[in-house]
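Chemist: To be precise about what I am sending: the file is called input-v5.txt and holds compact mmCIF, C-alpha atoms and all ligand atoms.
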```txt
# COMPACT_ATOMS: atom_id res chain seq x y z
CA MET M 1 101.24 -29.09 -90.12
CA ARG M 2 101.40 -26.56 -87.30
CA THR M 3 104.54 -24.56 -86.53
CA LEU M 4 105.66 -23.86 -82.98
CA LYS M 5 107.80 -20.79 -82.41
CA VAL M 6 110.76 -21.00 -80.08
CA ALA M 7 112.69 -18.09 -78.53
CA LEU M 8 116.19 -18.80 -77.30
CA LEU M 9 117.57 -16.64 -74.47
CA GLY M 10 121.35 -16.95 -74.41
CA CYS M 11 123.67 -18.09 -77.12
CA GLY M 12 126.80 -19.19 -75.27
CA VAL M 13 128.14 -22.74 -75.23
CA VAL M 14 124.76 -24.34 -74.47
CA GLY M 15 122.60 -22.00 -76.57
CA THR M 16 124.79 -22.53 -79.63
CA ASP M 17 124.39 -26.30 -79.34
CA VAL M 18 120.63 -25.98 -78.79
CA ALA M 19 120.29 -23.91 -81.99
CA ARG M 20 122.56 -26.31 -83.90
CA ILE M 21 120.59 -29.41 -82.89
CA MET M 22 117.26 -27.68 -83.62
CA THR M 23 118.53 -27.10 -87.16
CA THR M 24 120.33 -30.39 -87.85
CA GLN M 25 117.57 -32.53 -86.31
CA ALA M 26 114.67 -30.39 -87.59
CA ASP M 27 112.94 -33.18 -89.52
CA ASP M 28 113.24 -35.74 -86.73
CA LEU M 29 112.06 -33.22 -84.14
CA GLU M 30 109.06 -32.41 -86.36
CA ALA M 31 108.19 -36.10 -86.65
CA ARG M 32 108.52 -36.66 -82.92
CA ILE M 33 106.54 -33.56 -81.90
CA GLY M 34 103.98 -33.48 -84.71
CA ALA M 35 104.77 -29.84 -85.49
CA ARG M 36 107.61 -27.94 -87.13
CA LEU M 37 109.85 -25.95 -84.78
CA GLU M 38 110.78 -22.45 -85.85
CA LEU M 39 113.57 -20.57 -84.12
CA ALA M 40 111.87 -17.19 -83.91
CA GLY M 41 114.48 -15.14 -82.07
CA VAL M 42 117.76 -15.47 -80.20
CA ALA M 43 118.64 -13.04 -77.40
CA VAL M 44 122.35 -12.39 -77.04
CA ARG M 45 124.32 -10.19 -74.66
CA ARG M 46 126.52 -8.52 -77.26
CA ALA M 47 125.47 -7.42 -80.73
CA GLY M 48 127.69 -7.52 -83.79
CA ARG M 49 128.94 -11.09 -83.60
CA THR M 50 127.83 -13.61 -86.19
CA ARG M 51 126.62 -16.87 -84.68
CA PRO M 52 127.31 -19.88 -86.89
CA GLY M 53 124.07 -21.46 -88.12
CA ILE M 54 121.85 -18.64 -86.82
CA PRO M 55 120.58 -16.08 -89.37
CA ASP M 56 121.61 -12.56 -88.28
CA HIS M 57 118.04 -11.24 -88.44
CA LEU M 58 117.04 -13.56 -85.57
CA LEU M 59 119.61 -12.07 -83.18
CA THR M 60 118.55 -9.42 -80.70
CA THR M 61 120.04 -7.86 -77.59
CA ASP M 62 116.53 -7.07 -76.32
CA ALA M 63 115.54 -10.24 -74.49
CA ALA M 64 112.67 -8.43 -72.72
CA GLU M 65 111.03 -7.56 -76.07
CA LEU M 66 111.52 -11.11 -77.34
CA VAL M 67 109.67 -12.71 -74.41
CA LYS M 68 106.83 -10.18 -74.71
CA ARG M 69 105.96 -11.42 -78.21
CA ASP M 70 102.60 -13.18 -78.12
CA ASP M 71 103.46 -15.50 -81.02
CA ILE M 72 106.19 -17.33 -79.06
CA ASP M 73 105.15 -20.83 -77.92
CA VAL M 74 108.25 -21.87 -75.99
CA VAL M 75 111.07 -19.87 -74.40
CA ILE M 76 114.39 -21.62 -73.78
CA GLU M 77 116.37 -19.84 -71.05
CA VAL M 78 120.09 -20.62 -70.97
CA ILE M 79 121.37 -17.29 -69.67
CA GLY M 80 121.82 -18.49 -66.08
CA GLY M 81 121.85 -16.43 -62.86
CA ILE M 82 118.90 -14.91 -61.02
CA GLU M 83 118.22 -11.68 -62.96
CA PRO M 84 117.28 -10.94 -65.67
CA ALA M 85 116.46 -14.66 -66.14
CA ARG M 86 113.72 -14.63 -63.48
CA SER M 87 111.87 -11.60 -64.92
CA LEU M 88 112.19 -12.92 -68.46
CA ILE M 89 110.73 -16.29 -67.50
CA LEU M 90 107.82 -14.68 -65.63
CA THR M 91 107.08 -12.44 -68.64
CA ALA M 92 107.19 -15.49 -70.92
CA PHE M 93 104.59 -17.21 -68.71
CA ASP M 94 102.41 -14.07 -68.74
CA ASN M 95 102.47 -14.22 -72.52
CA GLY M 96 101.43 -17.85 -72.64
CA ALA M 97 104.78 -19.43 -73.45
CA SER M 98 106.10 -22.59 -71.80
CA VAL M 99 109.66 -22.38 -70.53
CA VAL M 100 112.57 -24.79 -70.70
CA THR M 101 115.48 -23.72 -68.52
CA ALA M 102 118.89 -24.98 -67.40
CA ASN M 103 119.02 -22.42 -64.60
CA LYS M 104 119.82 -24.32 -61.37
CA ALA M 105 120.63 -21.21 -59.30
CA LEU M 106 117.26 -19.64 -60.07
CA LEU M 107 115.25 -22.83 -59.51
CA ALA M 108 117.04 -23.52 -56.23
CA ALA M 109 116.42 -19.95 -55.02
CA ASP M 110 112.93 -19.31 -56.30
CA GLY M 111 111.52 -22.51 -57.83
CA ALA M 112 108.23 -22.31 -55.94
CA ALA M 113 107.35 -18.87 -57.34
CA LEU M 114 108.24 -19.95 -60.87
CA HIS M 115 106.15 -23.11 -60.62
CA ALA M 116 103.23 -21.10 -59.26
CA ALA M 117 103.48 -18.60 -62.13
CA ALA M 118 103.62 -21.41 -64.71
CA SER M 119 100.61 -23.07 -63.13
CA ARG M 120 98.60 -19.80 -63.10
CA ALA M 121 99.41 -19.30 -66.78
CA GLY M 122 98.54 -22.90 -67.66
CA VAL M 123 101.96 -23.55 -69.22
CA ASP M 124 104.96 -25.79 -68.57
CA LEU M 125 108.20 -25.20 -66.69
CA TYR M 126 110.73 -27.95 -67.54
CA TYR M 127 114.34 -28.08 -66.29
CA GLU M 128 116.03 -31.41 -66.91
CA ALA M 129 119.24 -29.58 -67.91
CA ALA M 130 119.48 -27.82 -64.53
CA VAL M 131 120.78 -30.95 -62.79
CA ALA M 132 123.66 -32.97 -64.24
CA ALA M 133 123.06 -31.94 -67.87
CA ALA M 134 122.42 -34.97 -70.09
CA ILE M 135 121.77 -37.40 -67.25
CA PRO M 136 118.03 -38.00 -66.98
CA LEU M 137 117.24 -37.26 -63.33
CA VAL M 138 114.47 -34.69 -63.09
CA ARG M 139 112.05 -36.67 -65.25
CA PRO M 140 112.79 -40.04 -63.62
CA LEU M 141 112.22 -38.48 -60.20
CA ARG M 142 109.18 -36.41 -61.22
CA GLU M 143 107.53 -39.10 -63.34
CA SER M 144 109.07 -42.60 -63.34
CA LEU M 145 109.39 -42.74 -59.55
CA ALA M 146 106.19 -40.77 -58.82
CA GLY M 147 104.58 -43.94 -57.47
CA ASP M 148 107.46 -44.90 -55.19
CA LYS M 149 108.90 -43.47 -51.95
CA VAL M 150 112.41 -42.10 -52.42
CA ASN M 151 114.45 -42.22 -49.22
CA ARG M 152 117.88 -41.05 -50.29
CA VAL M 153 119.64 -39.31 -53.15
CA LEU M 154 123.44 -39.49 -53.06
CA GLY M 155 125.34 -37.98 -55.93
CA ILE M 156 128.39 -36.52 -57.55
CA VAL M 157 126.72 -33.58 -59.27
CA ASN M 158 129.67 -31.32 -60.04
CA GLY M 159 132.13 -32.34 -62.73
CA THR M 160 134.77 -29.70 -62.01
CA THR M 161 135.28 -30.77 -58.41
CA ASN M 162 135.18 -34.45 -59.34
CA PHE M 163 137.91 -33.80 -61.90
CA ILE M 164 140.05 -31.99 -59.28
CA LEU M 165 139.58 -34.65 -56.58
CA ASP M 166 140.19 -37.44 -59.08
CA LYS M 167 143.42 -35.71 -60.22
CA MET M 168 144.55 -35.37 -56.59
CA ASP M 169 143.78 -39.05 -56.04
CA SER M 170 145.50 -40.39 -59.16
CA THR M 171 148.62 -38.18 -59.11
CA GLY M 172 149.11 -37.19 -55.44
CA ALA M 173 148.82 -33.52 -56.50
CA GLY M 174 147.70 -30.87 -54.03
CA TYR M 175 144.45 -28.93 -54.45
CA SER M 176 146.01 -25.84 -56.11
CA GLU M 177 147.96 -27.88 -58.65
CA ALA M 178 144.87 -29.93 -59.57
CA LEU M 179 142.76 -26.76 -59.85
CA GLU M 180 145.35 -25.25 -62.21
CA GLU M 181 145.11 -28.29 -64.45
CA ALA M 182 141.28 -28.18 -64.36
CA THR M 183 141.43 -24.52 -65.40
CA ALA M 184 143.96 -25.16 -68.19
CA LEU M 185 141.76 -27.94 -69.58
CA GLY M 186 138.64 -25.76 -69.47
CA TYR M 187 136.84 -27.74 -66.73
CA ALA M 188 137.15 -24.96 -64.13
CA GLU M 189 136.05 -21.42 -64.91
CA ALA M 190 138.36 -18.41 -64.43
CA ASP M 191 136.48 -17.78 -61.17
CA PRO M 192 135.92 -21.34 -59.88
CA THR M 193 134.08 -20.29 -56.70
CA ALA M 194 130.64 -21.66 -57.65
CA ASP M 195 132.09 -25.09 -58.29
CA VAL M 196 134.87 -25.48 -55.71
CA GLU M 197 132.92 -23.93 -52.83
CA GLY M 198 129.96 -26.22 -53.52
CA PHE M 199 127.36 -23.58 -54.54
CA ASP M 200 126.63 -25.32 -57.87
CA ALA M 201 126.23 -28.70 -56.18
CA ALA M 202 124.08 -27.20 -53.40
CA ALA M 203 121.65 -25.73 -55.95
CA LYS M 204 121.37 -29.13 -57.62
CA ALA M 205 120.91 -30.84 -54.24
CA ALA M 206 118.04 -28.46 -53.41
CA ILE M 207 116.31 -29.22 -56.71
CA LEU M 208 116.78 -32.99 -56.35
CA ALA M 209 115.64 -33.04 -52.70
CA GLY M 210 112.52 -31.03 -53.54
CA ILE M 211 111.47 -33.36 -56.34
CA ALA M 212 112.51 -36.59 -54.59
CA PHE M 213 110.70 -35.85 -51.33
CA HIS M 214 107.76 -33.80 -52.69
CA THR M 215 108.63 -30.82 -50.53
CA ARG M 216 110.23 -27.40 -50.83
CA VAL M 217 113.97 -27.18 -50.41
CA THR M 218 115.96 -24.10 -51.37
CA ALA M 219 119.71 -23.67 -51.76
CA ALA M 220 119.72 -21.81 -48.44
CA ASP M 221 118.46 -25.00 -46.73
CA VAL M 222 121.40 -27.05 -47.99
CA PHE M 223 124.49 -27.37 -45.77
CA ARG M 224 127.48 -26.58 -47.97
CA GLU M 225 131.20 -27.14 -47.65
CA GLY M 226 133.52 -27.02 -50.69
CA ILE M 227 136.74 -28.83 -51.56
CA THR M 228 139.28 -26.01 -51.09
CA GLU M 229 140.48 -27.39 -47.73
CA VAL M 230 140.95 -30.96 -48.96
CA THR M 231 144.67 -31.81 -48.77
CA ALA M 232 146.89 -34.42 -50.39
CA ALA M 233 147.20 -35.89 -46.86
CA ASP M 234 143.39 -36.34 -46.66
CA ILE M 235 143.41 -38.14 -50.00
CA ALA M 236 146.32 -40.36 -48.89
CA SER M 237 144.56 -41.12 -45.59
CA ALA M 238 141.39 -42.04 -47.50
CA ARG M 239 143.48 -44.38 -49.69
CA ALA M 240 144.95 -46.03 -46.58
CA MET M 241 141.37 -46.78 -45.47
CA GLY M 242 140.35 -48.15 -48.89
CA CYS M 243 138.40 -44.97 -49.72
CA VAL M 244 138.38 -42.07 -52.18
CA VAL M 245 137.37 -38.47 -51.48
CA LYS M 246 134.36 -37.17 -53.45
CA LEU M 247 132.26 -34.02 -53.22
CA LEU M 248 128.87 -35.52 -52.46
CA ALA M 249 125.36 -34.11 -52.53
CA ILE M 250 123.33 -36.08 -49.99
CA CYS M 251 119.56 -35.70 -49.55
CA GLU M 252 117.95 -37.97 -46.99
CA ARG M 253 114.55 -38.57 -45.52
CA ALA M 254 114.82 -38.56 -41.71
CA LYS M 255 113.52 -41.49 -39.68
CA ASP M 256 110.85 -39.30 -38.04
CA GLY M 257 108.92 -39.23 -41.34
CA VAL M 258 108.37 -35.47 -41.20
CA SER M 259 111.81 -34.08 -42.02
CA VAL M 260 114.71 -34.33 -44.43
CA THR M 261 118.34 -33.23 -44.64
CA ALA M 262 120.27 -31.91 -47.60
CA ARG M 263 124.01 -31.35 -47.62
CA VAL M 264 127.01 -30.95 -49.89
CA HIS M 265 130.52 -31.65 -48.61
CA PRO M 266 133.63 -33.66 -49.38
CA ALA M 267 133.45 -37.17 -47.96
CA MET M 268 135.43 -40.39 -47.90
CA LEU M 269 133.67 -43.14 -49.80
CA PRO M 270 134.70 -46.84 -49.84
CA LEU M 271 136.30 -47.90 -53.16
CA ALA M 272 133.63 -50.61 -53.44
CA HIS M 273 130.82 -48.02 -53.60
CA PRO M 274 129.55 -47.48 -57.17
CA LEU M 275 130.11 -43.71 -56.90
CA ALA M 276 133.81 -44.25 -56.08
CA SER M 277 134.50 -45.31 -59.66
CA VAL M 278 133.08 -42.09 -61.16
CA ARG M 279 136.21 -40.54 -62.64
CA GLY M 280 137.19 -37.25 -64.24
CA ALA M 281 134.42 -34.71 -64.86
CA TYR M 282 131.62 -37.29 -64.93
CA ASN M 283 128.58 -37.11 -62.67
CA ALA M 284 126.54 -39.91 -61.12
CA VAL M 285 123.55 -40.02 -58.83
CA PHE M 286 122.49 -42.93 -56.66
CA VAL M 287 118.78 -43.03 -55.75
CA GLU M 288 117.34 -45.31 -53.09
CA ALA M 289 113.59 -45.91 -53.13
CA ASP M 290 111.30 -48.24 -51.15
CA ALA M 291 110.06 -50.35 -54.05
CA ALA M 292 112.63 -49.69 -56.78
CA GLY M 293 115.62 -50.34 -54.53
CA GLN M 294 118.92 -48.79 -55.61
CA LEU M 295 119.20 -46.98 -58.95
CA MET M 296 122.23 -45.27 -60.41
CA PHE M 297 122.26 -42.56 -63.09
CA TYR M 298 125.62 -41.85 -64.72
CA GLY M 299 126.99 -39.64 -67.49
CA PRO M 300 128.37 -36.28 -68.54
CA GLY M 301 127.01 -33.66 -66.17
CA ALA M 302 128.25 -30.56 -67.98
CA GLY M 303 129.20 -29.20 -71.39
CA GLY M 304 127.38 -27.64 -74.33
CA ALA M 305 126.10 -30.69 -76.17
CA PRO M 306 125.15 -32.81 -73.10
CA THR M 307 123.25 -29.84 -71.62
CA ALA M 308 121.62 -29.14 -75.00
CA SER M 309 120.52 -32.79 -75.16
CA ALA M 310 118.52 -32.31 -71.95
CA VAL M 311 117.11 -28.97 -73.17
CA LEU M 312 115.98 -30.54 -76.45
CA GLY M 313 114.33 -33.44 -74.62
CA ASP M 314 112.35 -30.92 -72.57
CA LEU M 315 111.55 -28.91 -75.69
CA VAL M 316 110.00 -31.97 -77.34
CA ALA M 317 107.99 -32.71 -74.17
CA VAL M 318 106.59 -29.19 -73.72
CA CYS M 319 105.76 -28.94 -77.44
CA ARG M 320 103.86 -32.23 -77.29
CA ASN M 321 101.97 -30.92 -74.25
CA LYS M 322 101.12 -27.68 -76.08
CA LEU M 323 99.74 -29.58 -79.06
CA ALA M 324 97.70 -31.79 -76.74
CA GLY M 325 96.39 -28.69 -74.94
CA SER M 326 97.78 -30.01 -71.68
CA THR M 327 100.70 -29.47 -69.33
CA GLY M 328 103.16 -31.85 -67.69
CA PRO M 329 103.66 -32.31 -63.96
CA GLY M 330 104.06 -29.09 -61.99
CA GLU M 331 105.53 -28.61 -58.55
CA SER M 332 104.78 -31.41 -56.08
CA ALA M 333 105.42 -30.00 -52.61
CA TYR M 334 102.44 -31.40 -50.75
CA ALA M 335 104.56 -33.29 -48.18
CA GLN M 336 105.69 -30.05 -46.51
CA LEU M 337 108.64 -31.66 -44.73
CA THR M 338 110.97 -29.73 -42.43
CA VAL M 339 114.59 -29.41 -43.53
CA ASN M 340 116.75 -30.28 -40.52
CA PRO M 341 119.97 -28.42 -39.71
CA MET M 342 123.37 -30.07 -40.21
CA ASP M 343 123.70 -30.59 -36.43
CA ASP M 344 121.07 -33.35 -36.70
CA VAL M 345 122.80 -35.27 -39.49
CA VAL M 346 124.16 -38.64 -38.40
CA THR M 347 127.24 -40.02 -40.14
CA ARG M 348 130.81 -41.27 -39.56
CA TYR M 349 133.88 -39.04 -39.26
CA HIS M 350 137.58 -39.18 -40.02
CA VAL M 351 139.39 -36.85 -37.60
CA SER M 352 143.09 -36.19 -38.10
CA LEU M 353 144.97 -34.75 -35.09
CA ASP M 354 148.55 -33.61 -34.48
CA VAL M 355 149.41 -34.62 -30.92
CA ALA M 356 152.38 -34.89 -28.59
CA ASP M 357 153.71 -38.47 -28.54
CA LYS M 358 153.54 -38.93 -24.74
CA ALA M 359 152.12 -41.48 -22.34
CA GLY M 360 148.42 -40.92 -21.72
CA VAL M 361 147.69 -38.69 -24.72
CA LEU M 362 145.77 -41.36 -26.59
CA ALA M 363 143.75 -42.05 -23.42
CA GLN M 364 142.92 -38.32 -23.06
CA VAL M 365 141.82 -38.11 -26.68
CA ALA M 366 139.70 -41.27 -26.37
CA THR M 367 138.10 -39.89 -23.19
CA VAL M 368 136.99 -36.72 -24.99
CA PHE M 369 135.29 -38.81 -27.68
CA ALA M 370 133.64 -40.96 -25.00
CA GLU M 371 132.47 -37.92 -22.99
CA HIS M 372 130.60 -36.65 -26.04
CA GLY M 373 129.01 -40.00 -26.85
CA VAL M 374 131.05 -40.45 -30.03
CA SER M 375 132.15 -44.05 -30.37
CA ILE M 376 135.58 -44.72 -31.96
CA ASP M 377 135.81 -47.31 -34.71
CA THR M 378 139.56 -47.24 -35.51
CA VAL M 379 142.67 -45.30 -34.45
CA ARG M 380 145.85 -45.06 -36.51
CA GLN M 381 148.98 -43.40 -35.15
CA THR M 382 152.12 -42.42 -37.06
CA GLY M 383 155.09 -41.15 -35.01
CA ARG M 384 157.01 -38.01 -36.00
CA GLU M 385 159.98 -36.82 -33.85
CA GLY M 386 158.21 -36.52 -30.49
CA ASP M 387 154.89 -35.68 -32.12
CA ALA M 388 152.42 -38.03 -33.69
CA SER M 389 149.69 -37.91 -36.24
CA LEU M 390 146.55 -39.55 -34.93
CA VAL M 391 143.71 -40.52 -37.25
CA VAL M 392 140.46 -41.41 -35.50
CA VAL M 393 137.54 -42.86 -37.45
CA THR M 394 134.26 -42.86 -35.56
CA HIS M 395 131.09 -44.86 -35.66
CA ARG M 396 127.92 -42.97 -36.52
CA ALA M 397 127.32 -39.80 -34.48
CA THR M 398 125.48 -36.53 -34.93
CA ASP M 399 127.31 -33.57 -36.45
CA ALA M 400 126.56 -31.66 -33.25
CA ALA M 401 128.29 -34.32 -31.10
CA LEU M 402 131.29 -34.41 -33.42
CA SER M 403 131.61 -30.60 -33.41
CA ALA M 404 131.52 -30.54 -29.61
CA THR M 405 134.14 -33.32 -29.50
CA VAL M 406 136.45 -31.40 -31.83
CA ALA M 407 136.05 -28.18 -29.81
CA ALA M 408 137.04 -30.09 -26.65
CA LEU M 409 139.98 -31.79 -28.41
CA ARG M 410 141.35 -28.40 -29.46
CA SER M 411 141.55 -27.35 -25.82
CA LEU M 412 143.68 -30.35 -24.76
CA ASP M 413 147.30 -29.33 -23.99
CA HIS M 414 148.81 -32.22 -25.87
CA VAL M 415 146.70 -31.74 -29.01
CA ARG M 416 148.78 -29.44 -31.22
CA GLY M 417 146.05 -29.09 -33.80
CA VAL M 418 143.11 -30.66 -35.61
CA ALA M 419 144.54 -31.19 -39.09
CA SER M 420 141.29 -32.16 -40.75
CA ILE M 421 137.78 -33.47 -40.25
CA MET M 422 136.05 -35.35 -43.03
CA ARG M 423 132.79 -37.25 -43.10
CA VAL M 424 132.80 -40.91 -44.13
CA GLU M 425 129.83 -42.03 -46.23
CA GLY M 426 128.56 -44.91 -48.28
CA GLU M 427 128.13 -47.78 -45.88
N1 LIG M 501 130.09 -26.30 -63.51
C1 LIG M 501 129.30 -27.49 -63.41
C2 LIG M 501 130.19 -28.69 -63.22
C3 LIG M 501 128.41 -27.73 -64.60
O1 LIG M 501 131.41 -28.57 -63.14
O2 LIG M 501 129.66 -29.78 -63.11
C4 LIG M 501 127.23 -26.85 -64.60
O3 LIG M 501 126.43 -27.07 -63.47
```
Is it possible to give me this structure as C-alpha cells?
Ligand code: HSE

Modeler:
Amino acid sequence: MRTLKVALLGCGVVGTDVARIMTTQADDLEARIGARLELAGVAVRRAGRTRPGIPDHLLTTDAAELVKRDDIDVVIEVIGGIEPARSLILTAFDNGASVVTANKALLAADGAALHAAASRAGVDLYYEAAVAAAIPLVRPLRESLAGDKVNRVLGIVNGTTNFILDKMDSTGAGYSEALEEATALGYAEADPTADVEGFDAAAKAAILAGIAFHTRVTAADVFREGITEVTAADIASARAMGCVVKLLAICERAKDGVSVTARVHPAMLPLAHPLASVRGAYNAVFVEADAAGQLMFYGPGAGGAPTASAVLGDLVAVCRNKLAGSTGPGESAYAQLTVNPMDDVVTRYHVSLDVADKAGVLAQVATVFAEHGVSIDTVRQTGREGDASLVVVTHRATDAALSATVAALRSLDHVRGVASIMRVEGE
C-alpha cells in the first residue's frame, strides 16, 4: 500500500481540526483513497507550543523549507491572507505537490495565476473550504452543474454578519449592541472589519461568480457594502414590509449574454424567501440554473470542524487523482464575460426620507422619482411633530437612476435628510 505525504501549513482552529480528523479517521481515509496518509510536517507561526495530537518533531516554523521538500504529495494551506500563502503554494506546485486551500482572499485576488501554475505543474488546486466551509458549493458548481447554465447565485455567505443581523431582527438591538454580542460569543473577531464591511463575502462572491459563469471575477470586481450602517429602524421598516435584512452576495448573468454582475450588500428579503429563514451564523446559497431550476445549499459556513470537513473532502479527491495519475478540473474561464459596474444593476429600493410635513412635499418627492424614470411601488408616511418620515419603495430601476434620484432628493428644501437606502431583493 502506497503512502502519500501531507504537509499542513497553519495549525490554528482549522489546522488543528484537519490534523485531528486525519488521525482519528486514518483507516477510513486510507480505505477511501487507496493509500495511507502520512502527516509529514506542520508549519506553525510560533515555536514552543505543544499541539495536541501532533508529535513535536513534525512542527516547524519554516514553512518555506517544508514546501520545498520533494517527498511531499499534498500541501494543505490554512494560513490565510495573501503572503506568504501565495509564495508557499507556488513553491509547492513547483515541487510537484497538489494544494488544498481554504484561502478565499488569495483565490479572489489571484486565482487565475494559481490555477495557471497548478496546470503547468500538472497538479491539483482544490478549495472547497474557501467558500462557506462545510457546505458543498465549489464542487457542485465546478462538477455537478458543469453541464448546465447557471444564471444566478444568491447567498448568505458570511456567518458573522448573519448572526448580527438576525440578533438585530429578533431583539430590536442596534448594530453596535449586536456586534458586541457576536464578539462575546466568538462569532466576530477582535477586528471585525473583514466580516462587517463585506470583504469576506466579496471574496466568496468573486470565487462563486467565476466558477458559476466560467469567467474571471476578482474581489476588486465585486461591488461591496457592509452592514455597519444598518439601523434598528431599517430592520423595523423591513419587518413592516414583511421582510428581513440580510447581507447578500448576488452574482447574476446579464440579459445581454456577454456580461455579469457581482455584488455584496445588505438587502431586504421577503420572509417567504428560503434565504430569509437562515438564522444565526448559518450560511445558505441559492443557485438558479437553466435545466436544474432552483437549488439551495445550507449549513455551517465557518468554524474549525466544518472547514476541516471541506478540506478533508478535497484531500481525499486530490489524493485519488494523484494515485490515478490524473488531475481534477482546473480553471474554467473560457466565457470571458465582462463584469458590469454597480450602476448597471437593476433592482428595487427602499428609500427612507425625513421630510417637512407640508402640503406639496409628497408631490415634489414623487416628481423627482418620476423625472429620473424610477417608478414608485409604495409610499408610507409617519407624522412626527411637523416633520414626517417617508418610506418609498420603488419598482425595478438601475442603481445609476436611483443614485441620481437620491442626489436630487437631497437638494429639495423640504427634504431634511435621506435616512437610509436599502436594496430590496428576492422577488
Ligand atoms: N468569518 C467568516 C464568517 C468565516 O463569519 O462567515 C470565514 O470565511

Chemist: Got a sec: who's within 8 Å of segment 246-252 of chain M, counting all atoms listed in the file, leaving out chain neighbours fewer than 6 positions off, as a list of chain:residue names?

Modeler: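 Neighbouring residues, sequence-local ones excluded: M:Asn151, M:Arg152, M:Val153, M:Leu154, M:Gly155, M:Ile156, M:Val157, M:Asn158, M:Thr161, M:Asn162, M:Leu165, M:Ala201, M:Ala202, M:Ala205, M:Leu208, M:Ala209, M:Gly226, M:Ile227, M:Val260, M:Thr261, M:Ala262, M:Arg263, M:Val264, M:His265, M:Pro266, M:Ala267, M:Met268, M:Leu269, M:Ala276.
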
Chemist: Compile the contact shell of Asp124 of chain M as a PDB file with C-alpha atoms, in the coordinates of the input: residues with an atom at most 10 Å away, counting all atoms listed in the file, same-chain residues fewer than 5 positions apart removed.

Modeler:
```pdb
ATOM      1  CA  VAL M  74     108.250 -21.870 -75.990  1.00  0.00           C
ATOM      2  CA  PHE M  93     104.590 -17.210 -68.710  1.00  0.00           C
ATOM      3  CA  GLY M  96     101.430 -17.850 -72.640  1.00  0.00           C
ATOM      4  CA  ALA M  97     104.780 -19.430 -73.450  1.00  0.00           C
ATOM      5  CA  SER M  98     106.100 -22.590 -71.800  1.00  0.00           C
ATOM      6  CA  VAL M  99     109.660 -22.380 -70.530  1.00  0.00           C
ATOM      7  CA  VAL M 100     112.570 -24.790 -70.700  1.00  0.00           C
ATOM      8  CA  HIS M 115     106.150 -23.110 -60.620  1.00  0.00           C
ATOM      9  CA  ALA M 117     103.480 -18.600 -62.130  1.00  0.00           C
ATOM     10  CA  ALA M 118     103.620 -21.410 -64.710  1.00  0.00           C
ATOM     11  CA  SER M 119     100.610 -23.070 -63.130  1.00  0.00           C
ATOM     12  CA  ASP M 314     112.350 -30.920 -72.570  1.00  0.00           C
ATOM     13  CA  ALA M 317     107.990 -32.710 -74.170  1.00  0.00           C
ATOM     14  CA  VAL M 318     106.590 -29.190 -73.720  1.00  0.00           C
ATOM     15  CA  CYS M 319     105.760 -28.940 -77.440  1.00  0.00           C
ATOM     16  CA  ASN M 321     101.970 -30.920 -74.250  1.00  0.00           C
ATOM     17  CA  LYS M 322     101.120 -27.680 -76.080  1.00  0.00           C
ATOM     18  CA  SER M 326      97.780 -30.010 -71.680  1.00  0.00           C
ATOM     19  CA  THR M 327     100.700 -29.470 -69.330  1.00  0.00           C
ATOM     20  CA  GLY M 328     103.160 -31.850 -67.690  1.00  0.00           C
ATOM     21  CA  PRO M 329     103.660 -32.310 -63.960  1.00  0.00           C
ATOM     22  CA  GLY M 330     104.060 -29.090 -61.990  1.00  0.00           C
TER      23      GLY M 330
END
```

Chemist: For Val14 of chain M, which residue among M:Asp56, M:Asp28, M:Glu77, M:Glu65 is the nearest when counting all atoms listed in the file?

Modeler: M:Glu77

Chemist: Nearest to Val244 of chain M: which of M:Val287, M:Ala132, M:Ala232, M:Val44 is it, counting only C-alpha atoms?

Modeler: M:Ala232

Chemist: Would you list the residues that come within 6 Å of ligand LIG 501 (chain M)? Count all atoms listed in the file and give the answer as number ranges by chain.

Modeler: M: 158-160, 195, 200, 301-302

Chemist: One number please: atom CA of Pro274 of chain M to atom CA of Asn103 of chain M, in Å, one decimal.

Modeler: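 Computed distance, atom CA of Pro274 of chain M to atom CA of Asn103 of chain M, equals 28.2 Å.
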
Chemist: Between M:Val355, M:Leu185, M:Ile72, M:Val365, which one has atoms that come closest to Gly280 of chain M, using all atoms listed in the file?

Modeler: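 Closest to Gly280 of chain M of all the choices is M:Leu185.
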
Chemist: Which of these, M:Leu271, M:Gly304, M:Ala116, M:Phe297, has the shortest distance to Ala129 of chain M once you count only C-alpha atoms?

Modeler: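 Looking at the shortest contact to Ala129 of chain M, the residue is M:Gly304.
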
Chemist: Tell me which of M:Ala173, M:Ala401, M:Val379, M:Val391 sits closest to Thr231 of chain M, counting only C-alpha atoms.

Modeler: M:Ala173

Chemist: What's the separation between atom CA of Thr218 of chain M and atom CA of Thr307 of chain M, in Å to one decimal place?

Modeler: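 Atom CA of Thr307 of chain M lies 22.3 Å from atom CA of Thr218 of chain M.
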
Chemist: Could you check which of M:His214, M:Lys149, M:His395, M:Lys204 is closest to Leu137 of chain M, using all atoms listed in the file?

Modeler: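 Counting all atoms listed in the file, the residue closest to Leu137 of chain M is M:Lys204.
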
Chemist: What separation in Å, quoted to one decimal, exists between atom CA of Val374 of chain M and atom CA of Arg423 of chain M?

Modeler: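 Computing the Euclidean distance for atom CA of Val374 of chain M and atom CA of Arg423 of chain M yields 13.6 Å.
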
Chemist: Around the point (142.1, -32.9, -38.5) in the file's coordinates, collect all residues with an atom within 9 Å, using only C-alpha atoms, and return them as a list in words.

Modeler: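 Selection result: Asp234, His350, Val351, Ser352, Leu353, Asp354, Leu390, Val391, Val406, Gly417, Val418, Ala419, Ser420, Ile421 and Met422 of chain M.
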
Chemist: Include C-alpha atoms and write out the residues we just selected as a CSV table (one decimal), keeping the file's coordinate frame.

Modeler:
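Done, and the output landed in selection_25.csv:
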```csv
chain,number,residue,atom,x,y,z
M,234,ASP,CA,143.4,-36.3,-46.7
M,350,HIS,CA,137.6,-39.2,-40.0
M,351,VAL,CA,139.4,-36.8,-37.6
M,352,SER,CA,143.1,-36.2,-38.1
M,353,LEU,CA,145.0,-34.8,-35.1
M,354,ASP,CA,148.6,-33.6,-34.5
M,390,LEU,CA,146.6,-39.6,-34.9
M,391,VAL,CA,143.7,-40.5,-37.2
M,406,VAL,CA,136.4,-31.4,-31.8
M,417,GLY,CA,146.0,-29.1,-33.8
M,418,VAL,CA,143.1,-30.7,-35.6
M,419,ALA,CA,144.5,-31.2,-39.1
M,420,SER,CA,141.3,-32.2,-40.8
M,421,ILE,CA,137.8,-33.5,-40.2
M,422,MET,CA,136.0,-35.4,-43.0
```
